[in-house]
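Next up, model-v1.txt (compact mmCIF, C-alpha atoms):
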# COMPACT_ATOMS: atom_id res chain seq x y z
CA LEU A 531 -33.04 -0.05 12.61
CA ILE A 532 -29.71 -1.81 12.26
CA VAL A 533 -27.27 0.07 10.07
CA GLN A 534 -26.14 -2.16 7.24
CA PRO A 535 -22.66 -3.50 7.87
CA ASP A 536 -20.20 -2.64 5.14
CA VAL A 537 -18.47 -5.98 5.13
CA GLY A 538 -19.51 -8.72 2.77
CA VAL A 539 -22.46 -6.90 1.26
CA THR A 540 -22.47 -6.01 -2.41
CA HIS A 541 -23.47 -2.52 -3.46
CA ASP A 542 -26.60 -3.68 -5.24
CA THR A 543 -27.84 -5.69 -2.28
CA LYS A 544 -31.31 -4.56 -1.37
CA THR A 545 -32.07 -3.63 2.20
CA GLN A 546 -32.85 -6.73 4.19
CA GLU A 547 -34.01 -7.35 7.68
CA ILE A 548 -31.89 -9.34 10.07
CA GLY A 549 -34.07 -12.09 11.46
CA TYR A 550 -33.48 -15.28 13.33
CA CYS A 551 -33.96 -17.35 10.15
CA GLY A 552 -31.25 -15.43 8.33
CA MET A 553 -28.90 -15.58 11.30
CA LEU A 554 -29.45 -19.30 11.81
CA SER A 555 -28.96 -19.92 8.09
CA ALA A 556 -25.69 -17.96 8.18
CA PHE A 557 -24.45 -19.87 11.23
CA PHE A 558 -25.52 -23.21 9.77
CA TRP A 559 -23.69 -22.77 6.46
CA LEU A 560 -20.64 -21.31 8.18
CA ASN A 561 -20.54 -24.37 10.40
CA MET A 562 -20.99 -26.62 7.36
CA SER A 563 -18.07 -24.86 5.71
CA VAL A 564 -15.88 -25.40 8.75
CA ALA A 565 -16.92 -29.05 8.97
CA LEU A 566 -16.24 -29.63 5.28
CA GLY A 567 -12.98 -27.73 5.71
CA GLU A 568 -11.88 -30.20 8.37
CA LEU A 569 -12.67 -33.09 6.05
CA LEU A 570 -10.76 -31.37 3.28
CA GLN A 571 -7.79 -30.82 5.57
CA THR A 572 -7.76 -34.49 6.54
CA GLY A 573 -7.93 -35.50 2.89
CA LEU A 574 -5.13 -33.13 1.94
CA GLN A 575 -2.95 -34.35 4.80
CA ALA A 576 -3.39 -37.88 3.48
CA ILE A 577 -1.78 -36.84 0.21
CA GLY A 578 0.96 -34.88 1.96
CA ALA A 579 -0.38 -31.35 1.61
CA ASN A 580 -0.56 -29.41 4.85
CA LEU A 581 -2.84 -26.42 4.82
CA PRO A 582 -4.16 -24.53 7.84
CA LEU A 583 -7.77 -25.21 8.75
CA PHE A 584 -8.89 -21.69 7.90
CA VAL A 585 -7.65 -22.08 4.32
CA CYS A 586 -9.46 -25.42 4.02
CA SER A 587 -12.63 -23.81 5.42
CA LEU A 588 -12.30 -21.05 2.85
CA PHE A 589 -12.03 -23.59 0.03
CA ALA A 590 -14.91 -25.62 1.47
CA ALA A 591 -17.11 -22.53 1.60
CA ILE A 592 -16.24 -21.72 -2.03
CA ILE A 593 -17.22 -25.26 -3.03
CA LEU A 594 -20.48 -25.02 -1.09
CA THR A 595 -21.48 -21.62 -2.40
CA ASN A 596 -20.93 -22.73 -5.99
CA THR A 597 -22.77 -26.02 -5.71
CA VAL A 598 -25.51 -26.04 -3.07
CA PRO A 599 -27.59 -23.07 -4.32
CA ARG A 600 -27.51 -24.58 -7.82
CA ILE A 601 -28.71 -27.98 -6.62
CA LEU A 602 -31.07 -27.00 -3.82
CA LYS A 603 -33.34 -24.03 -4.24
CA THR A 604 -32.89 -22.87 -0.67
CA PRO A 605 -32.26 -19.33 0.57
CA TRP A 606 -28.49 -18.87 0.55
CA PRO A 607 -26.76 -16.62 3.09
CA ALA A 608 -24.18 -15.22 0.62
CA GLY A 609 -24.38 -11.42 0.42
CA THR A 610 -26.94 -11.12 3.20
CA ARG A 611 -26.78 -8.74 6.11
CA SER A 612 -26.94 -11.64 8.54
CA LEU A 613 -23.76 -13.17 7.16
CA ALA A 614 -22.07 -9.78 6.99
CA LEU A 615 -22.94 -9.12 10.62
CA VAL A 616 -21.61 -12.49 11.80
CA SER A 617 -18.45 -11.96 9.79
CA ASP A 618 -17.95 -8.42 11.01
CA VAL A 619 -18.35 -9.43 14.64
CA ALA A 620 -16.05 -12.42 14.14
CA LEU A 621 -13.30 -10.29 12.57
CA ARG A 622 -13.47 -7.50 15.12
CA VAL A 623 -13.49 -9.78 18.15
CA PHE A 624 -10.76 -11.90 16.57
CA LEU A 625 -8.55 -8.86 16.04
CA ALA A 626 -9.23 -7.46 19.50
CA MET A 627 -8.41 -10.79 21.15
CA SER A 628 -5.26 -11.22 19.08
CA LEU A 629 -3.88 -7.77 19.70
CA MET A 630 -4.68 -7.59 23.38
CA SER A 631 -3.01 -10.97 23.91
CA LEU A 632 0.31 -9.85 22.41
CA GLN A 633 3.13 -10.27 24.88
CA LEU A 634 5.46 -7.45 24.02
CA TRP A 635 7.92 -8.37 26.74
CA THR A 636 8.77 -11.61 24.94
CA ILE A 637 10.16 -9.59 22.03
CA VAL A 638 12.02 -7.24 24.36
CA ASP A 639 13.45 -10.14 26.36
CA LEU A 640 14.67 -11.87 23.24
CA ALA A 641 16.20 -8.73 21.82
CA GLY A 642 17.85 -7.90 25.12
CA ALA A 643 19.18 -11.39 25.67
CA ASP A 644 21.00 -11.59 22.38
CA PRO A 645 21.04 -8.49 20.23
CA GLY A 646 22.56 -10.41 17.35
CA ASN A 647 19.83 -13.00 17.05
CA SER A 648 17.20 -13.06 14.39
CA ARG A 649 14.36 -11.79 16.57
CA SER A 650 16.13 -8.61 17.49
CA ALA A 651 16.64 -7.86 13.84
CA ASP A 652 13.07 -8.69 12.88
CA SER A 653 11.70 -5.26 13.48
CA SER A 654 14.59 -3.58 11.69
CA GLY A 655 14.20 -5.99 8.78
CA CYS A 656 10.50 -5.31 8.50
CA GLY A 657 11.10 -1.61 8.79
CA LEU A 658 13.69 -1.83 6.06
CA CYS A 659 11.18 -3.65 3.81
CA LEU A 660 8.80 -0.78 4.20
CA VAL A 661 11.44 1.89 3.79
CA CYS A 662 12.44 0.24 0.49
CA HIS A 663 8.97 1.05 -0.81
CA LEU A 664 9.00 4.64 0.33
CA PRO A 665 10.92 6.18 -2.61
CA LEU A 666 8.09 5.01 -4.87
CA HIS A 667 5.84 7.38 -2.96
CA GLY A 668 8.23 10.31 -2.88
CA PRO A 669 5.97 13.07 -4.23
CA GLN A 670 3.17 12.01 -1.91
CA LEU A 671 5.43 11.99 1.09
CA ARG A 672 6.68 15.42 0.17
CA GLY A 673 3.13 16.57 0.51
CA GLY A 674 0.36 18.13 -1.46
CA ARG A 675 2.24 21.33 -2.09
CA HIS A 676 4.95 19.45 -3.95
CA LEU A 677 2.36 17.74 -6.18
CA PHE A 678 0.70 21.08 -6.71
CA ARG A 679 3.97 22.59 -7.94
CA ILE A 680 4.56 19.70 -10.34
CA ARG A 681 1.15 20.12 -11.89
CA ARG A 682 1.28 23.87 -12.10
CA ARG A 683 4.65 23.74 -13.84
CA PHE A 684 3.36 21.15 -16.25
CA PHE A 685 0.24 23.08 -17.21
CA LYS A 686 2.13 26.29 -17.67
CA ARG A 687 4.37 24.55 -20.19
CA ASN A 688 1.64 22.47 -21.76
CA PRO A 689 -1.57 24.31 -22.47
CA ASN A 690 -4.39 22.34 -23.99
CA ARG A 691 -4.85 21.90 -27.69
CA HIS A 692 -6.93 25.07 -27.90
CA GLY A 693 -4.25 27.03 -26.12
CA LYS A 694 -6.67 27.66 -23.29
CA HIS A 695 -6.57 26.78 -19.69
CA ASP A 696 -9.91 28.07 -18.57
CA GLY A 697 -12.89 26.07 -17.49
CA CYS A 698 -13.24 22.56 -16.35
CA ARG A 699 -14.52 21.11 -19.58
CA GLU A 700 -13.57 18.12 -21.57
CA GLU A 701 -11.47 20.06 -24.06
CA THR A 702 -9.26 21.34 -21.28
CA ARG A 703 -7.32 18.16 -21.18
CA PRO A 704 -3.57 18.66 -21.45
CA SER A 705 -1.85 18.51 -24.80
CA SER A 706 0.12 15.47 -23.83
CA PRO A 707 -1.73 13.14 -21.52
CA ARG A 708 1.19 10.76 -21.40
CA LEU A 709 3.51 13.52 -20.27
CA TYR A 710 0.91 14.69 -17.81
CA HIS A 711 0.68 11.27 -16.27
CA ARG A 712 4.41 11.03 -16.10
CA ALA A 713 4.64 14.44 -14.51
CA THR A 714 2.05 13.69 -11.91
CA ARG A 715 3.07 10.06 -11.63
CA LEU A 716 -0.51 8.95 -12.01
CA TRP A 717 -1.44 9.58 -8.43
CA PHE A 718 -3.56 12.57 -9.07
CA PHE A 719 -5.54 10.83 -11.79
CA ARG A 720 -8.85 10.33 -10.16
CA GLY A 721 -11.16 9.85 -13.10
CA HIS A 722 -12.93 13.14 -12.71
CA ARG A 723 -15.59 12.71 -15.38
CA GLU A 724 -16.00 16.28 -16.51
CA CYS A 725 -12.31 17.00 -16.60
CA ASP A 726 -11.61 13.52 -17.90
CA GLY A 727 -9.25 13.14 -15.01
CA TYR A 728 -7.16 16.19 -15.78
CA LEU A 729 -6.99 19.32 -13.74
CA PRO A 730 -6.85 22.44 -15.92
CA ILE A 731 -4.78 25.44 -14.96
CA SER A 732 -7.82 27.56 -14.17
CA CYS A 733 -8.89 25.00 -11.63
CA LEU A 734 -5.40 24.99 -10.21
CA ALA A 735 -5.37 28.75 -10.09
CA GLN A 736 -8.28 28.71 -7.70
CA LEU A 737 -6.41 26.54 -5.30
CA LYS A 738 -4.15 27.98 -2.73
CA PRO A 739 -0.76 28.38 -4.42
CA ALA A 740 2.30 26.95 -2.83
CA PRO A 741 4.99 29.37 -1.71
CA GLU A 742 7.92 29.21 -4.10
CA MET B 259 -2.15 -15.13 35.29
CA GLN B 260 -4.05 -17.15 32.71
CA LEU B 261 -7.48 -15.84 31.74
CA GLU B 262 -10.03 -18.43 30.63
CA SER B 263 -11.71 -18.44 27.24
CA PHE B 264 -15.00 -17.07 28.59
CA THR B 265 -13.26 -14.19 30.34
CA THR B 266 -11.09 -13.47 27.33
CA PHE B 267 -14.11 -13.29 25.02
CA ASN B 268 -15.97 -10.86 27.28
CA LEU B 269 -12.85 -8.80 27.80
CA ALA B 270 -12.48 -8.59 24.01
CA ILE B 271 -15.99 -7.16 23.79
CA LEU B 272 -15.03 -4.48 26.31
CA VAL B 273 -11.81 -3.80 24.42
CA LEU B 274 -13.81 -3.37 21.21
CA ALA B 275 -16.15 -0.97 22.96
CA LEU B 276 -13.12 0.98 24.17
CA GLY B 277 -11.78 1.12 20.62
CA SER B 278 -15.11 2.35 19.32
CA TRP B 279 -15.23 5.01 22.03
CA LEU B 280 -11.68 6.16 21.34
CA ASN B 281 -12.15 6.28 17.56
CA GLY B 282 -15.30 8.29 18.09
CA ARG B 283 -13.42 10.90 20.11
CA VAL B 284 -9.94 11.02 18.62
CA LYS B 285 -10.12 12.60 15.19
CA ILE B 286 -6.71 11.47 13.99
CA LEU B 287 -7.68 7.84 14.47
CA ARG B 288 -10.71 8.32 12.24
CA ASP B 289 -8.77 10.35 9.69
CA PHE B 290 -6.20 7.60 9.32
CA ASN B 291 -8.83 4.86 9.38
CA ILE B 292 -7.25 2.97 12.24
CA PRO B 293 -9.56 0.01 12.93
CA GLU B 294 -11.22 0.03 16.35
CA PRO B 295 -9.76 -3.33 17.48
CA VAL B 296 -6.27 -2.12 16.54
CA THR B 297 -6.67 1.09 18.55
CA SER B 298 -7.76 -0.54 21.76
CA GLY B 299 -6.09 -3.92 21.29
CA LEU B 300 -2.66 -2.33 21.08
CA LEU B 301 -3.44 -0.12 24.08
CA VAL B 302 -4.34 -3.16 26.17
CA CYS B 303 -1.25 -4.94 24.92
CA LEU B 304 0.87 -1.97 26.02
CA ALA B 305 -0.91 -1.90 29.38
CA THR B 306 -0.19 -5.57 30.02
CA ALA B 307 3.44 -5.01 29.00
CA LEU B 308 3.72 -2.11 31.47
CA LEU B 309 2.08 -4.20 34.17
CA TYR B 310 4.62 -6.93 33.51
CA SER B 311 7.55 -4.55 33.62
CA PHE B 312 6.48 -2.92 36.91
CA THR B 313 4.98 -5.82 38.83
CA GLY B 314 6.25 -8.90 37.01
CA LEU B 315 2.67 -10.08 36.58
CA GLU B 316 2.37 -11.98 33.30
CA ILE B 317 -1.13 -11.93 31.84
CA SER B 318 -1.99 -14.45 29.15
CA PHE B 319 -5.27 -15.26 27.47
CA THR B 320 -6.90 -18.49 26.33
CA LEU B 321 -7.59 -17.99 22.65
CA ALA B 322 -9.77 -20.96 21.66
CA THR B 323 -12.69 -18.67 20.79
CA ARG B 324 -10.46 -16.51 18.66
CA ASP B 325 -9.35 -19.47 16.56
CA PHE B 326 -12.95 -20.42 15.90
CA LEU B 327 -13.89 -16.87 14.95
CA LEU B 328 -11.05 -16.93 12.45
CA LEU B 329 -12.67 -19.93 10.76
CA TYR B 330 -15.98 -18.06 10.58
CA PHE B 331 -14.34 -15.07 9.00
CA PHE B 332 -12.60 -17.02 6.26
CA ALA B 333 -15.64 -19.24 5.68
CA ARG B 334 -17.67 -16.08 5.12
CA ILE B 335 -15.20 -14.95 2.44
CA GLY B 336 -15.66 -18.32 0.77
CA LEU B 337 -19.46 -18.20 0.98
CA ASN B 338 -19.45 -14.87 -0.82
CA SER B 339 -17.14 -16.12 -3.58
CA ASP B 340 -19.68 -17.01 -6.21
CA ILE B 341 -18.06 -17.74 -9.55
CA LYS B 342 -20.94 -15.98 -11.35
CA THR B 343 -20.18 -12.78 -9.47
CA LEU B 344 -16.48 -13.09 -10.20
CA ARG B 345 -17.24 -13.66 -13.87
CA ALA B 346 -19.29 -10.47 -13.89
CA GLY B 347 -16.10 -8.61 -12.96
CA GLY B 348 -14.78 -9.39 -16.43
CA VAL B 349 -11.49 -8.13 -17.80
CA PRO B 350 -10.99 -5.30 -15.25
CA LEU B 351 -11.17 -7.81 -12.44
CA LEU B 352 -8.74 -10.08 -14.27
CA ILE B 353 -6.29 -7.20 -14.69
CA LEU B 354 -6.67 -6.26 -11.06
CA VAL B 355 -6.09 -9.82 -9.90
CA SER B 356 -3.07 -10.21 -12.19
CA LEU B 357 -1.55 -6.96 -10.93
CA THR B 358 -2.22 -7.95 -7.34
CA ILE B 359 -0.50 -11.29 -7.82
CA ALA B 360 2.46 -9.67 -9.58
CA TYR B 361 2.90 -7.07 -6.84
CA MET B 362 2.44 -9.73 -4.19
CA LEU B 363 5.35 -11.68 -5.66
CA LEU B 364 7.41 -8.50 -5.83
CA GLN B 365 6.57 -7.70 -2.21
CA ASN B 366 7.61 -11.17 -1.09
CA LEU B 367 10.81 -11.10 -3.10
CA THR B 368 11.68 -7.73 -1.54
CA GLY B 369 10.94 -9.07 1.93
CA MET B 370 12.99 -12.19 1.37
CA ALA B 371 15.88 -10.22 -0.09
CA VAL B 372 15.93 -7.88 2.91
CA ALA B 373 15.68 -10.82 5.33
CA SER B 374 18.58 -12.56 3.56
CA ALA B 375 20.63 -9.36 3.57
CA LEU B 376 20.14 -9.14 7.33
CA GLY B 377 21.09 -12.78 7.79
CA LEU B 378 17.59 -13.81 8.83
CA ASP B 379 15.46 -16.73 7.82
CA ARG B 380 14.00 -15.86 4.42
CA LEU B 381 10.57 -16.89 5.67
CA ILE B 382 10.61 -13.86 7.94
CA GLY B 383 10.66 -11.89 4.72
CA LEU B 384 7.33 -13.47 3.85
CA LEU B 385 5.93 -12.43 7.22
CA GLY B 386 7.13 -8.90 6.57
CA GLY B 387 5.90 -9.13 2.98
CA SER B 388 2.52 -10.07 1.62
CA VAL B 389 1.41 -11.96 4.75
CA SER B 390 1.31 -8.81 6.86
CA LEU B 391 1.35 -5.96 4.34
CA LEU B 392 -1.26 -7.37 2.00
CA GLY B 393 -3.13 -9.61 4.40
CA GLY B 394 -3.13 -7.31 7.40
CA HIS B 395 -3.45 -8.26 11.05
CA GLY B 396 -5.97 -11.03 10.49
CA THR B 397 -3.91 -12.93 7.94
CA SER B 398 -0.69 -12.47 9.93
CA ILE B 399 -2.27 -13.93 13.02
CA ALA B 400 -3.91 -16.67 11.01
CA TRP B 401 -0.63 -17.79 9.44
CA ALA B 402 1.48 -17.34 12.58
CA PRO B 403 0.89 -20.86 13.98
CA THR B 404 2.06 -22.36 10.68
CA PHE B 405 5.29 -20.36 10.87
CA VAL B 406 5.75 -21.34 14.51
CA GLU B 407 4.96 -25.03 14.23
CA LYS B 408 6.40 -25.86 10.84
CA HIS B 409 9.25 -23.41 10.44
CA GLY B 410 10.34 -22.72 14.01
CA ILE B 411 9.86 -18.95 13.96
CA SER B 412 8.76 -18.74 17.55
CA ASN B 413 7.47 -15.17 17.61
CA ALA B 414 5.89 -15.16 14.16
CA SER B 415 2.70 -13.67 15.53
CA GLU B 416 4.50 -10.70 17.07
CA ILE B 417 6.56 -10.12 13.90
CA GLY B 418 3.46 -10.32 11.70
CA ILE B 419 1.45 -7.99 13.88
CA ALA B 420 4.33 -5.51 14.17
CA CYS B 421 4.73 -5.45 10.39
CA ALA B 422 0.99 -5.21 9.80
CA THR B 423 0.71 -2.32 12.24
CA LEU B 424 3.66 -0.54 10.67
CA GLY B 425 2.15 -1.15 7.24
CA LEU B 426 -1.20 0.17 8.42
CA VAL B 427 0.36 3.32 9.85
CA ILE B 428 2.52 4.01 6.80
CA SER B 429 -0.25 3.31 4.29
CA SER B 430 -2.63 5.47 6.31
CA PHE B 431 0.02 8.16 6.33
CA MET B 432 0.39 7.95 2.55
CA GLY B 433 -3.35 7.96 2.07
CA GLY B 434 -3.61 10.72 4.63
CA VAL B 435 -1.28 12.92 2.60
CA ASN B 436 -3.79 12.78 -0.21
CA ARG B 437 -6.37 14.19 2.16
CA THR B 438 -4.30 17.33 2.37
CA LEU B 439 -4.40 17.82 -1.38
CA PRO B 440 -6.81 20.47 -2.57
CA HIS B 441 -10.09 19.10 -3.87
CA TYR B 442 -11.06 19.02 -7.48
CA PRO B 443 -13.60 21.59 -8.61
CA THR B 444 -17.12 20.23 -8.59
CA PRO B 445 -18.59 19.18 -11.95
CA SER B 446 -21.41 21.67 -11.53
CA GLY B 447 -18.84 24.42 -11.80
CA ALA B 448 -19.40 25.70 -8.30
CA GLN B 449 -15.72 26.41 -8.08
CA GLY B 450 -14.78 26.49 -11.72
Same coordinates, now as structure tokens:
Amino acid sequence: LIVQPDVGVTHDTKTQEIGYCGMLSAFFWLNMSVALGELLQTGLQAIGANLPLFVCSLFAAIILTNTVPRILKTPWPAGTRSLALVSDVALRVFLAMSLMSLQLWTIVDLAGADPGNSRSADSSGCGLCLVCHLPLHGPQLRGGRHLFRIRRRFFKRNPNRHGKHDGCREETRPSSPRLYHRATRLWFFRGHRECDGYLPISCLAQLKPAPE
Amino acid sequence: MQLESFTTFNLAILVLALGSWLNGRVKILRDFNIPEPVTSGLLVCLATALLYSFTGLEISFTLATRDFLLLYFFARIGLNSDIKTLRAGGVPLLILVSLTIAYMLLQNLTGMAVASALGLDRLIGLLGGSVSLLGGHGTSIAWAPTFVEKHGISNASEIGIACATLGLVISSFMGGVNRTLPHYPTPSGAQG
């Protein structure tokens, strides 16, 4: 039994077998998409728009999937395990080939040859881009214990509307959800159905407390 | 040394198998959801770099198969993009798409601002922005030839992959921190 690939298959897709018909159908319509994509690219180039072939193939496939099954009543590969398998294999092999073919020494050579040039600063620039985002994730980066302390402080100051903290029931929501969200910066809101997303103090009390 | 397309393809299969083997045995790789091709692909890339530095032997691969596989991957995305399905997403999907686009613009503006501040081509900011951080390795590699051919950024692929890898590691780290948070009590009241 082939385990269902998790790429390109919707949750409500029923279990299907992978057979040669399904595989051939997937390959055929993928090839048609690529062929139509090439035509599209040529047409776009004629009007001065330059798009990479993979973008044109993507558009071509969107056109096909929204027209052909409505005109022809043929089995369509969209959402099938066969298509998901082909796609999964294509992506994984593509990534493996791309990464293993990286020539790291070209970056090192360029950086070493002229430290002031743009390539040598690329990595620092990219790193800086990422570092700029880091303050937004401060509480997370400071770890779970920090988040725990924020929530515990909040619940101590803000008991629920019944003045109780016990139990994990719906009425144990905090008195000020807006303040709660602000205090926890939304990250701990996980839509827990019974608690309506909020973690009451009694639940917190059972967790390992952080050393103050 | 130039490896032919056939050899490269089969080598990629072995590299994938290596990644699968490593991810199966190294817990931290699984915990941080490092994709198998990234695990082994980067290892091979490091190995070829070491080989070059010690022996001077330059290994390069013919990537015609890779470019075709890229077309398959994006065509598959298109084939699954049925408007009926998208319509079923309704307002939540619309909100999600709007937020994604807004944050994508913000990400690119940040990248371009940083690139400008460093005196670089602003397009490098795009490579370090949504192309690599939103699109990941696949999109970075896919767009790299466009940056090389049309905008003269000769090592766009390396920049994109470096940024995507850094993004993957940092996002996995951030997500990984959440794993350390204590779990919610179960609804059945087993803990509460």
Query - Point-to-point distance in Å for atom CA of B:Ser356 and atom CA of B:Gly336 - result: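 Between these atoms lies a distance of 19.8 Å.
Closest approach to chain A among B:Leu272, B:Ala305, B:Lys285, B:Phe331: B:Phe331, based on all atoms listed in the file.
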Query raised in the report: A:Ser612, A:Ala591, A:Arg600, A:Gly567: which is nearest chain B, counting all atoms listed in the file?
Result: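 The closest residue to chain B is A:Ala591.
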Counting only C-alpha atoms, which residues in chain B sit no more than 7 Å from chain A? For each one, give the nearest pair of atoms and the distance in Å, sorted by chain then residue number, as a Markdown table.
| residue | atom | partner | partner_atom | distance |
| --- | --- | --- | --- | --- |
| B:Ala270 | CA | A:Met627 | CA | 5.4 |
| B:Ile271 | CA | A:Val623 | CA | 6.7 |
| B:Val273 | CA | A:Ala626 | CA | 6.7 |
| B:Leu274 | CA | A:Ala626 | CA | 6.4 |
| B:Pro295 | CA | A:Ala626 | CA | 4.6 |
| B:Val296 | CA | A:Ala626 | CA | 6.8 |
| B:Gly299 | CA | A:Met630 | CA | 4.5 |
| B:Leu300 | CA | A:Leu629 | CA | 5.7 |
| B:Val302 | CA | A:Met630 | CA | 5.2 |
| B:Cys303 | CA | A:Met630 | CA | 4.6 |
| B:Ala307 | CA | A:Leu634 | CA | 5.9 |
| B:Ser318 | CA | A:Ser631 | CA | 6.4 |
| B:Phe319 | CA | A:Ser631 | CA | 6.0 |
| B:Arg324 | CA | A:Phe624 | CA | 5.1 |
| B:Leu327 | CA | A:Ala620 | CA | 5.0 |
| B:Leu328 | CA | A:Phe624 | CA | 6.5 |
| B:Leu329 | CA | A:Phe584 | CA | 5.1 |
| B:Tyr330 | CA | A:Leu560 | CA | 6.2 |
| B:Phe331 | CA | A:Ser617 | CA | 5.2 |
| B:Phe332 | CA | A:Leu588 | CA | 5.3 |
| B:Ala333 | CA | A:Leu588 | CA | 4.7 |
| B:Arg334 | CA | A:Ser617 | CA | 6.3 |
| B:Ile335 | CA | A:Leu588 | CA | 6.8 |
| B:Gly336 | CA | A:Ile592 | CA | 4.4 |
| B:Leu337 | CA | A:Ala591 | CA | 5.0 |
| B:Asn338 | CA | A:Ala608 | CA | 5.0 |
| B:Ser339 | CA | A:Ile592 | CA | 5.9 |
| B:Asp340 | CA | A:Asn596 | CA | 5.9 |
| B:Ile341 | CA | A:Asn596 | CA | 6.8 |
| B:Thr368 | CA | A:Cys659 | CA | 6.7 |
| B:Gly369 | CA | A:Cys659 | CA | 5.7 |
| B:Val372 | CA | A:Gly655 | CA | 6.4 |
| B:Ala373 | CA | A:Gly655 | CA | 6.1 |
| B:Leu376 | CA | A:Gly655 | CA | 6.9 |
| B:Leu378 | CA | A:Ser648 | CA | 5.6 |
| B:Gly386 | CA | A:Cys656 | CA | 5.3 |
| B:Gly396 | CA | A:Leu625 | CA | 6.5 |
| B:Glu416 | CA | A:Leu632 | CA | 6.8 |
| B:Ile417 | CA | A:Asp652 | CA | 6.7 |
| B:Cys421 | CA | A:Cys656 | CA | 6.1 |
| B:Met432 | CA | A:Leu671 | CA | 6.6 |
| B:Val435 | CA | A:Gly673 | CA | 6.1 |
| B:Asn436 | CA | A:Gly674 | CA | 6.9 |
| B:Thr438 | CA | A:Gly674 | CA | 6.1 |
| B:Leu439 | CA | A:Gly674 | CA | 4.8 |
| B:Pro440 | CA | A:Leu737 | CA | 6.7 |
| B:Pro443 | CA | A:Cys733 | CA | 6.6 |
| B:Pro445 | CA | A:Glu724 | CA | 6.0 |
| B:Gly450 | CA | A:Cys733 | CA | 6.1 |
Please save C-alpha atoms of the selected residues as a PDB file, keeping the file's coordinate frame.
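What landed in out_4.pdb:
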ATOM      1  CA  ALA B 270     -12.480  -8.590  24.010  1.00  0.00           C
ATOM      2  CA  ILE B 271     -15.990  -7.160  23.790  1.00  0.00           C
ATOM      3  CA  VAL B 273     -11.810  -3.800  24.420  1.00  0.00           C
ATOM      4  CA  LEU B 274     -13.810  -3.370  21.210  1.00  0.00           C
ATOM      5  CA  PRO B 295      -9.760  -3.330  17.480  1.00  0.00           C
ATOM      6  CA  VAL B 296      -6.270  -2.120  16.540  1.00  0.00           C
ATOM      7  CA  GLY B 299      -6.090  -3.920  21.290  1.00  0.00           C
ATOM      8  CA  LEU B 300      -2.660  -2.330  21.080  1.00  0.00           C
ATOM      9  CA  VAL B 302      -4.340  -3.160  26.170  1.00  0.00           C
ATOM     10  CA  CYS B 303      -1.250  -4.940  24.920  1.00  0.00           C
ATOM     11  CA  ALA B 307       3.440  -5.010  29.000  1.00  0.00           C
ATOM     12  CA  SER B 318      -1.990 -14.450  29.150  1.00  0.00           C
ATOM     13  CA  PHE B 319      -5.270 -15.260  27.470  1.00  0.00           C
ATOM     14  CA  ARG B 324     -10.460 -16.510  18.660  1.00  0.00           C
ATOM     15  CA  LEU B 327     -13.890 -16.870  14.950  1.00  0.00           C
ATOM     16  CA  LEU B 328     -11.050 -16.930  12.450  1.00  0.00           C
ATOM     17  CA  LEU B 329     -12.670 -19.930  10.760  1.00  0.00           C
ATOM     18  CA  TYR B 330     -15.980 -18.060  10.580  1.00  0.00           C
ATOM     19  CA  PHE B 331     -14.340 -15.070   9.000  1.00  0.00           C
ATOM     20  CA  PHE B 332     -12.600 -17.020   6.260  1.00  0.00           C
ATOM     21  CA  ALA B 333     -15.640 -19.240   5.680  1.00  0.00           C
ATOM     22  CA  ARG B 334     -17.670 -16.080   5.120  1.00  0.00           C
ATOM     23  CA  ILE B 335     -15.200 -14.950   2.440  1.00  0.00           C
ATOM     24  CA  GLY B 336     -15.660 -18.320   0.770  1.00  0.00           C
ATOM     25  CA  LEU B 337     -19.460 -18.200   0.980  1.00  0.00           C
ATOM     26  CA  ASN B 338     -19.450 -14.870  -0.820  1.00  0.00           C
ATOM     27  CA  SER B 339     -17.140 -16.120  -3.580  1.00  0.00           C
ATOM     28  CA  ASP B 340     -19.680 -17.010  -6.210  1.00  0.00           C
ATOM     29  CA  ILE B 341     -18.060 -17.740  -9.550  1.00  0.00           C
ATOM     30  CA  THR B 368      11.680  -7.730  -1.540  1.00  0.00           C
ATOM     31  CA  GLY B 369      10.940  -9.070   1.930  1.00  0.00           C
ATOM     32  CA  VAL B 372      15.930  -7.880   2.910  1.00  0.00           C
ATOM     33  CA  ALA B 373      15.680 -10.820   5.330  1.00  0.00           C
ATOM     34  CA  LEU B 376      20.140  -9.140   7.330  1.00  0.00           C
ATOM     35  CA  LEU B 378      17.590 -13.810   8.830  1.00  0.00           C
ATOM     36  CA  GLY B 386       7.130  -8.900   6.570  1.00  0.00           C
ATOM     37  CA  GLY B 396      -5.970 -11.030  10.490  1.00  0.00           C
ATOM     38  CA  GLU B 416       4.500 -10.700  17.070  1.00  0.00           C
ATOM     39  CA  ILE B 417       6.560 -10.120  13.900  1.00  0.00           C
ATOM     40  CA  CYS B 421       4.730  -5.450  10.390  1.00  0.00           C
ATOM     41  CA  MET B 432       0.390   7.950   2.550  1.00  0.00           C
ATOM     42  CA  VAL B 435      -1.280  12.920   2.600  1.00  0.00           C
ATOM     43  CA  ASN B 436      -3.790  12.780  -0.210  1.00  0.00           C
ATOM     44  CA  THR B 438      -4.300  17.330   2.370  1.00  0.00           C
ATOM     45  CA  LEU B 439      -4.400  17.820  -1.380  1.00  0.00           C
ATOM     46  CA  PRO B 440      -6.810  20.470  -2.570  1.00  0.00           C
ATOM     47  CA  PRO B 443     -13.600  21.590  -8.610  1.00  0.00           C
ATOM     48  CA  PRO B 445     -18.590  19.180 -11.950  1.00  0.00           C
ATOM     49  CA  GLY B 450     -14.780  26.490 -11.720  1.00  0.00           C
TER      50      GLY B 450
END
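Coordinates place atom CA of B:Ser263 at a distance of 11.0 Å from atom CA of B:Asp325.
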